[in-house]
$ cat coords.txt   # compact mmCIF, C-alpha atoms
# COMPACT_ATOMS: atom_id res chain seq x y z
CA MET O 1 91.69 -24.76 30.81
CA VAL O 2 94.40 -26.11 28.52
CA SER O 3 95.87 -29.24 30.02
CA SER O 4 99.52 -30.23 30.18
CA VAL O 5 99.54 -33.49 28.26
CA THR O 6 102.31 -36.01 28.67
CA ALA O 7 100.76 -39.17 27.23
CA LEU O 8 99.26 -40.20 23.92
CA VAL O 9 95.61 -41.17 23.93
CA ALA O 10 93.93 -43.76 21.74
CA VAL O 11 90.37 -44.27 22.95
CA ARG O 12 88.76 -47.52 21.92
CA PRO O 13 85.02 -48.26 21.89
CA ALA O 14 83.78 -49.59 25.21
CA ASP O 15 82.26 -52.63 23.50
CA THR O 16 83.69 -53.62 20.13
CA VAL O 17 81.09 -56.34 19.77
CA SER O 18 77.92 -54.25 20.12
CA ALA O 19 76.65 -52.29 17.16
CA ILE O 20 77.67 -48.64 16.77
CA PRO O 21 74.68 -46.28 17.17
CA MET O 22 73.30 -45.02 13.88
CA ASP O 23 73.51 -41.37 14.98
CA PRO O 24 75.89 -41.01 17.91
CA VAL O 25 76.18 -37.59 19.51
CA VAL O 26 79.96 -37.95 19.47
CA HIS O 27 81.66 -39.94 16.72
CA LEU O 28 85.46 -40.09 16.56
CA ARG O 29 87.44 -42.41 14.33
CA ASP O 30 91.23 -42.40 14.24
CA ALA O 31 91.02 -38.77 15.32
CA VAL O 32 94.30 -36.98 16.02
CA CYS O 33 94.81 -33.75 17.94
CA LEU O 34 98.16 -31.96 18.07
CA LEU O 35 99.26 -29.54 20.79
CA ASP O 36 102.43 -27.72 19.76
CA ARG O 37 103.13 -30.57 17.31
CA PHE O 38 102.71 -33.14 20.08
CA PRO O 39 99.97 -35.75 19.37
CA ALA O 40 97.94 -35.26 22.55
CA LEU O 41 95.21 -37.44 21.02
CA ALA O 42 96.49 -40.13 18.69
CA GLY O 43 93.94 -42.16 16.75
CA VAL O 44 90.90 -41.66 19.01
CA ASP O 45 87.97 -44.03 18.42
CA LEU O 46 84.88 -43.15 20.45
CA ASP O 47 81.11 -43.13 20.11
CA VAL O 48 78.76 -41.59 22.68
CA SER O 49 75.01 -42.06 22.34
CA VAL O 50 72.05 -39.81 23.14
CA GLY O 51 71.32 -39.72 26.87
CA GLU O 52 74.54 -41.46 27.80
CA VAL O 53 76.67 -40.32 30.76
CA LEU O 54 80.26 -41.25 29.93
CA LEU O 55 82.85 -41.05 32.69
CA VAL O 56 86.42 -40.47 31.49
CA THR O 57 89.08 -41.27 34.07
CA GLY O 58 92.85 -41.35 34.10
CA PRO O 59 95.93 -39.73 35.64
CA ASN O 60 96.81 -36.06 35.26
CA GLY O 61 98.23 -35.32 31.82
CA ALA O 62 96.63 -38.35 30.18
CA GLY O 63 94.60 -36.19 27.79
CA LYS O 64 91.16 -36.06 29.42
CA THR O 65 90.86 -32.27 29.27
CA THR O 66 92.19 -32.16 25.71
CA LEU O 67 89.59 -34.72 24.67
CA LEU O 68 86.77 -32.61 26.14
CA ARG O 69 88.09 -29.41 24.59
CA ALA O 70 88.45 -31.06 21.19
CA ILE O 71 84.88 -32.39 21.32
CA ALA O 72 83.75 -28.87 22.24
CA GLY O 73 85.40 -27.52 19.09
CA LEU O 74 87.99 -25.52 21.03
CA VAL O 75 90.97 -27.59 19.92
CA PRO O 76 91.26 -28.73 16.28
CA PHE O 77 91.46 -32.33 15.14
CA THR O 78 94.20 -32.55 12.54
CA SER O 79 93.22 -35.87 11.00
CA GLY O 80 90.66 -38.65 11.22
CA GLU O 81 86.88 -38.37 11.63
CA ALA O 82 85.37 -36.06 14.24
CA VAL O 83 81.61 -35.51 14.15
CA VAL O 84 79.70 -33.98 17.08
CA LEU O 85 75.93 -33.48 16.94
CA GLY O 86 76.12 -33.99 13.20
CA HIS O 87 78.79 -31.30 12.70
CA ASP O 88 82.06 -32.25 11.04
CA LEU O 89 84.66 -30.66 13.32
CA ARG O 90 87.36 -31.06 10.69
CA ARG O 91 85.45 -28.55 8.53
CA ASP O 92 83.65 -26.33 11.06
CA ARG O 93 84.34 -26.05 14.79
CA ARG O 94 82.27 -22.93 15.45
CA THR O 95 78.74 -24.07 14.70
CA VAL O 96 78.72 -26.86 17.27
CA ARG O 97 79.62 -24.52 20.13
CA ARG O 98 76.04 -23.29 20.52
CA GLU O 99 74.90 -26.83 21.21
CA VAL O 100 77.76 -27.82 23.52
CA ALA O 101 78.78 -26.53 26.95
CA LEU O 102 82.16 -27.14 28.58
CA VAL O 103 82.55 -26.53 32.30
CA GLY O 104 86.22 -26.87 33.17
CA HIS O 105 88.90 -25.75 35.55
CA GLY O 106 88.65 -22.15 34.39
CA ALA O 107 85.02 -21.05 34.40
CA ALA O 108 84.11 -19.21 31.18
CA LEU O 109 82.83 -16.08 32.95
CA TYR O 110 83.37 -12.42 32.19
CA ASP O 111 85.06 -10.98 35.27
CA ASP O 112 83.59 -7.51 34.79
CA LEU O 113 80.01 -8.81 34.63
CA THR O 114 77.92 -9.72 37.65
CA VAL O 115 76.70 -13.24 38.29
CA VAL O 116 73.26 -12.45 36.87
CA GLU O 117 74.73 -10.65 33.87
CA ASN O 118 76.97 -13.61 33.06
CA VAL O 119 74.08 -16.06 33.10
CA ARG O 120 71.87 -13.75 31.05
CA PHE O 121 74.63 -13.06 28.50
CA TRP O 122 75.31 -16.74 27.83
CA ALA O 123 71.60 -17.58 27.69
CA ARG O 124 71.08 -14.92 25.04
CA ALA O 125 74.19 -16.01 23.13
CA SER O 126 72.68 -19.51 22.97
CA ALA O 127 69.26 -18.19 21.91
CA ARG O 128 67.71 -19.36 25.18
CA ASP O 129 65.28 -17.76 27.60
CA ALA O 130 67.13 -14.88 29.28
CA THR O 131 64.22 -13.47 31.28
CA ASP O 132 64.63 -12.76 34.98
CA ALA O 133 62.58 -15.83 35.83
CA ALA O 134 64.74 -18.14 33.70
CA VAL O 135 67.99 -16.70 35.06
CA ASP O 136 66.72 -16.95 38.65
CA ALA O 137 65.71 -20.57 38.10
CA ALA O 138 69.16 -21.49 36.76
CA LEU O 139 70.88 -19.79 39.70
CA GLU O 140 68.64 -21.55 42.20
CA ARG O 141 69.20 -24.97 40.63
CA ALA O 142 72.97 -24.38 40.74
CA ARG O 143 72.70 -23.32 44.40
CA VAL O 144 74.15 -19.87 43.80
CA ASP O 145 73.58 -17.72 46.89
CA VAL O 146 71.10 -14.92 46.19
CA ARG O 147 73.53 -12.49 47.81
CA LEU O 148 75.94 -13.07 44.92
CA ARG O 149 73.53 -12.04 42.17
CA ASP O 150 75.02 -8.56 41.76
CA VAL O 151 78.64 -9.44 42.58
CA VAL O 152 81.10 -9.22 39.69
CA ALA O 153 82.68 -12.54 38.74
CA ALA O 154 86.18 -11.26 39.54
CA ARG O 155 85.26 -11.22 43.25
CA LEU O 156 83.91 -14.78 43.39
CA SER O 157 85.69 -17.64 45.13
CA ALA O 158 86.58 -20.78 43.18
CA GLY O 159 83.48 -22.58 44.43
CA GLN O 160 81.23 -19.62 43.66
CA ARG O 161 82.65 -19.38 40.15
CA ARG O 162 82.04 -23.08 39.60
CA ARG O 163 78.41 -22.80 40.74
CA THR O 164 77.91 -19.75 38.51
CA ALA O 165 79.38 -21.67 35.56
CA LEU O 166 76.92 -24.48 36.26
CA ALA O 167 74.07 -21.94 36.31
CA VAL O 168 75.25 -20.75 32.89
CA LEU O 169 75.17 -24.33 31.63
CA LEU O 170 71.64 -24.87 32.97
CA ALA O 171 70.44 -21.61 31.41
CA ARG O 172 71.95 -22.53 28.03
CA ARG O 173 70.38 -26.03 27.99
CA PRO O 174 72.94 -27.51 25.55
CA LYS O 175 72.48 -30.91 23.96
CA LEU O 176 75.94 -32.04 25.05
CA TRP O 177 77.50 -31.36 28.46
CA LEU O 178 81.28 -31.64 28.80
CA LEU O 179 82.26 -31.54 32.48
CA ASP O 180 85.89 -31.45 33.62
CA GLU O 181 86.16 -32.33 37.33
CA PRO O 182 82.60 -31.05 37.86
CA HIS O 183 82.52 -31.70 41.62
CA ALA O 184 85.69 -29.76 42.37
CA GLY O 185 85.16 -26.71 44.60
CA LEU O 186 81.59 -27.66 45.51
CA ASP O 187 80.22 -28.37 48.97
CA ALA O 188 78.34 -31.60 49.70
CA ALA O 189 74.88 -30.13 49.04
CA SER O 190 76.00 -28.60 45.74
CA ARG O 191 77.58 -31.88 44.69
CA ASP O 192 74.32 -33.71 45.33
CA ALA O 193 72.41 -31.03 43.42
CA LEU O 194 74.78 -31.38 40.47
CA ASP O 195 74.37 -35.15 40.45
CA GLY O 196 70.61 -34.67 40.38
CA GLU O 197 70.87 -32.27 37.44
CA ILE O 198 73.09 -34.73 35.53
CA ALA O 199 70.67 -37.59 36.09
CA SER O 200 67.66 -35.46 35.13
CA ALA O 201 69.34 -34.09 32.00
CA ALA O 202 70.38 -37.55 30.83
CA ALA O 203 66.86 -38.88 31.39
CA GLY O 204 65.63 -36.09 29.14
CA GLY O 205 67.99 -37.02 26.31
CA THR O 206 70.98 -34.79 27.05
CA THR O 207 74.36 -36.45 26.52
CA ILE O 208 77.06 -35.94 29.13
CA VAL O 209 80.79 -36.63 29.06
CA LEU O 210 82.55 -35.98 32.35
CA ALA O 211 86.19 -36.34 33.34
CA SER O 212 86.87 -36.93 37.00
CA HIS O 213 89.31 -38.34 39.53
CA GLU O 214 86.46 -38.82 42.00
CA LEU O 215 85.48 -42.23 40.70
CA GLU O 216 82.97 -43.12 43.38
CA ARG O 217 81.10 -39.83 43.17
CA ALA O 218 81.11 -39.51 39.37
CA GLY O 219 80.52 -43.22 38.93
CA ALA O 220 77.20 -42.88 40.72
CA VAL O 221 75.74 -40.94 37.79
CA ALA O 222 77.70 -42.51 34.91
CA THR O 223 76.26 -45.15 32.61
CA ARG O 224 79.64 -46.10 31.14
CA ALA O 225 83.27 -45.47 32.02
CA VAL O 226 86.53 -45.33 30.10
CA THR O 227 89.98 -45.07 31.67
CA VAL O 228 92.63 -43.15 29.74
CA ALA O 229 96.27 -43.88 30.64
CA GLY O 230 99.55 -44.67 28.95
CA GLY O 231 98.21 -44.09 25.47
CA HIS O 232 95.21 -46.38 25.78
CA ALA O 233 91.67 -46.37 27.10
CA LEU O 234 90.13 -49.41 28.72
CA ASP O 235 86.65 -50.17 29.95
CA ALA O 236 86.35 -49.36 33.64
CA ALA O 237 84.01 -50.87 36.19
CA ILE O 238 81.82 -48.32 37.96
CA ASP O 239 82.01 -48.79 41.73
CA THR O 240 79.49 -46.85 43.81
CA THR O 241 79.99 -48.85 47.01
CA ASN O 242 81.29 -45.92 49.05
CA VAL O 243 79.18 -43.13 47.60
CA PRO O 244 77.50 -41.29 50.50
CA SER O 245 73.74 -41.53 50.59
CA ARG O 246 71.98 -38.34 49.49
CA ALA O 247 69.32 -38.98 52.06
CA SER O 248 71.82 -38.87 54.92
$ encode --input "coords.txt" --output "structure tokens"
Amino acid sequence: MVSSVTALVAVRPADTVSAIPMDPVVHLRDAVCLLDRFPALAGVDLDVSVGEVLLVTGPNGAGKTTLLRAIAGLVPFTSGEAVVLGHDLRRDRRTVRREVALVGHGAALYDDLTVVENVRFWARASARDATDAAVDAALERARVDVRLRDVVAARLSAGQRRRTALAVLLARRPKLWLLDEPHAGLDAASRDALDGEIASAAAGGTTIVLASHELERAGAVATRAVTVAGGHALDAAIDTTNVPSRAS
């Protein structure tokens, strides 16, 4: 899940005129993240509000994955301000992890556990409902085939692993979703189901930051977009003109 970063990133607020939210879910100011002494994130400024769906776009290696991993508390910020869900990541990166879920290129599954066992384990680790009914509901919402329930994760295809990881996310019910190329490896029906879950979660107050190259698809659920490239981040228009109708 660690990205190969070749460009510096300095994310600027989408609207420097509007007031900054009093209690943003994500608050970064001049935040720097080093990977092997290389400043993968250099002076990041970013605020993300409750219920917002922020789309982060940009070329490979621009720092999108590093940004998500840093917000998740998996990569340390070395300087600047970095507060997520009220937790100062410069002081403590562990506490926030119970309230944040990152679904990335490498699904965080235990290969020796079955699909059901993985979902139940992560639900319990997050102090969520881990009953059979709750686990079954998460699997159904993520469109995980019932025939895969007792299959160990090591035997799953890429798409099956991605759907299982999404079931884990739904079972955990985190306050902040961090999605790295969330539509990758999913069939059309699963993509539509994921979009529905994103929209529903955001309407309920969950905050979502997603990085994607599929601008039309991801843009359909985003409320704001930022493009990261060449060391800068610029506001991006969200174009949903060619998004296929879910009713078709």
$ residues_around --input "coords.txt" --residues "Gly86 (chain O)" --least-positions-apart "3" --cutoff "9 Å" --atoms "only C-alpha atoms" --output "PyMOL selection string"
chain O and resi 23-27+83+96
$ residues_around --input "coords.txt" --residues "Ala222 (chain O)" --least-positions-apart "4" --cutoff "7 Å" --atoms "all atoms listed in the file" --output "PyMOL selection string"
chain O and resi 53-55+218
$ closest_residue --input "coords.txt" --among "O:Ser190, O:Thr65, O:Ser157, O:Thr223" --to "Leu102 (chain O)" --atoms "all atoms listed in the file"
O:Thr65
$ atom_distance --input "coords.txt" --atom1 "CA of Asn60 (chain O)" --atom2 "CA of Asp192 (chain O)"
24.8 Å
$ atom_distance --input "coords.txt" --atom1 "CA of Pro182 (chain O)" --atom2 "CA of Val56 (chain O)"
12.0 Å
$ residues_around --input "coords.txt" --residues "region 67-73 of chain O" --least-positions-apart "4" --cutoff "7 Å" --atoms "all atoms listed in the file" --output "PyMOL selection string"
chain O and resi 63+77+84+89+93-94+96-97+100+102+178
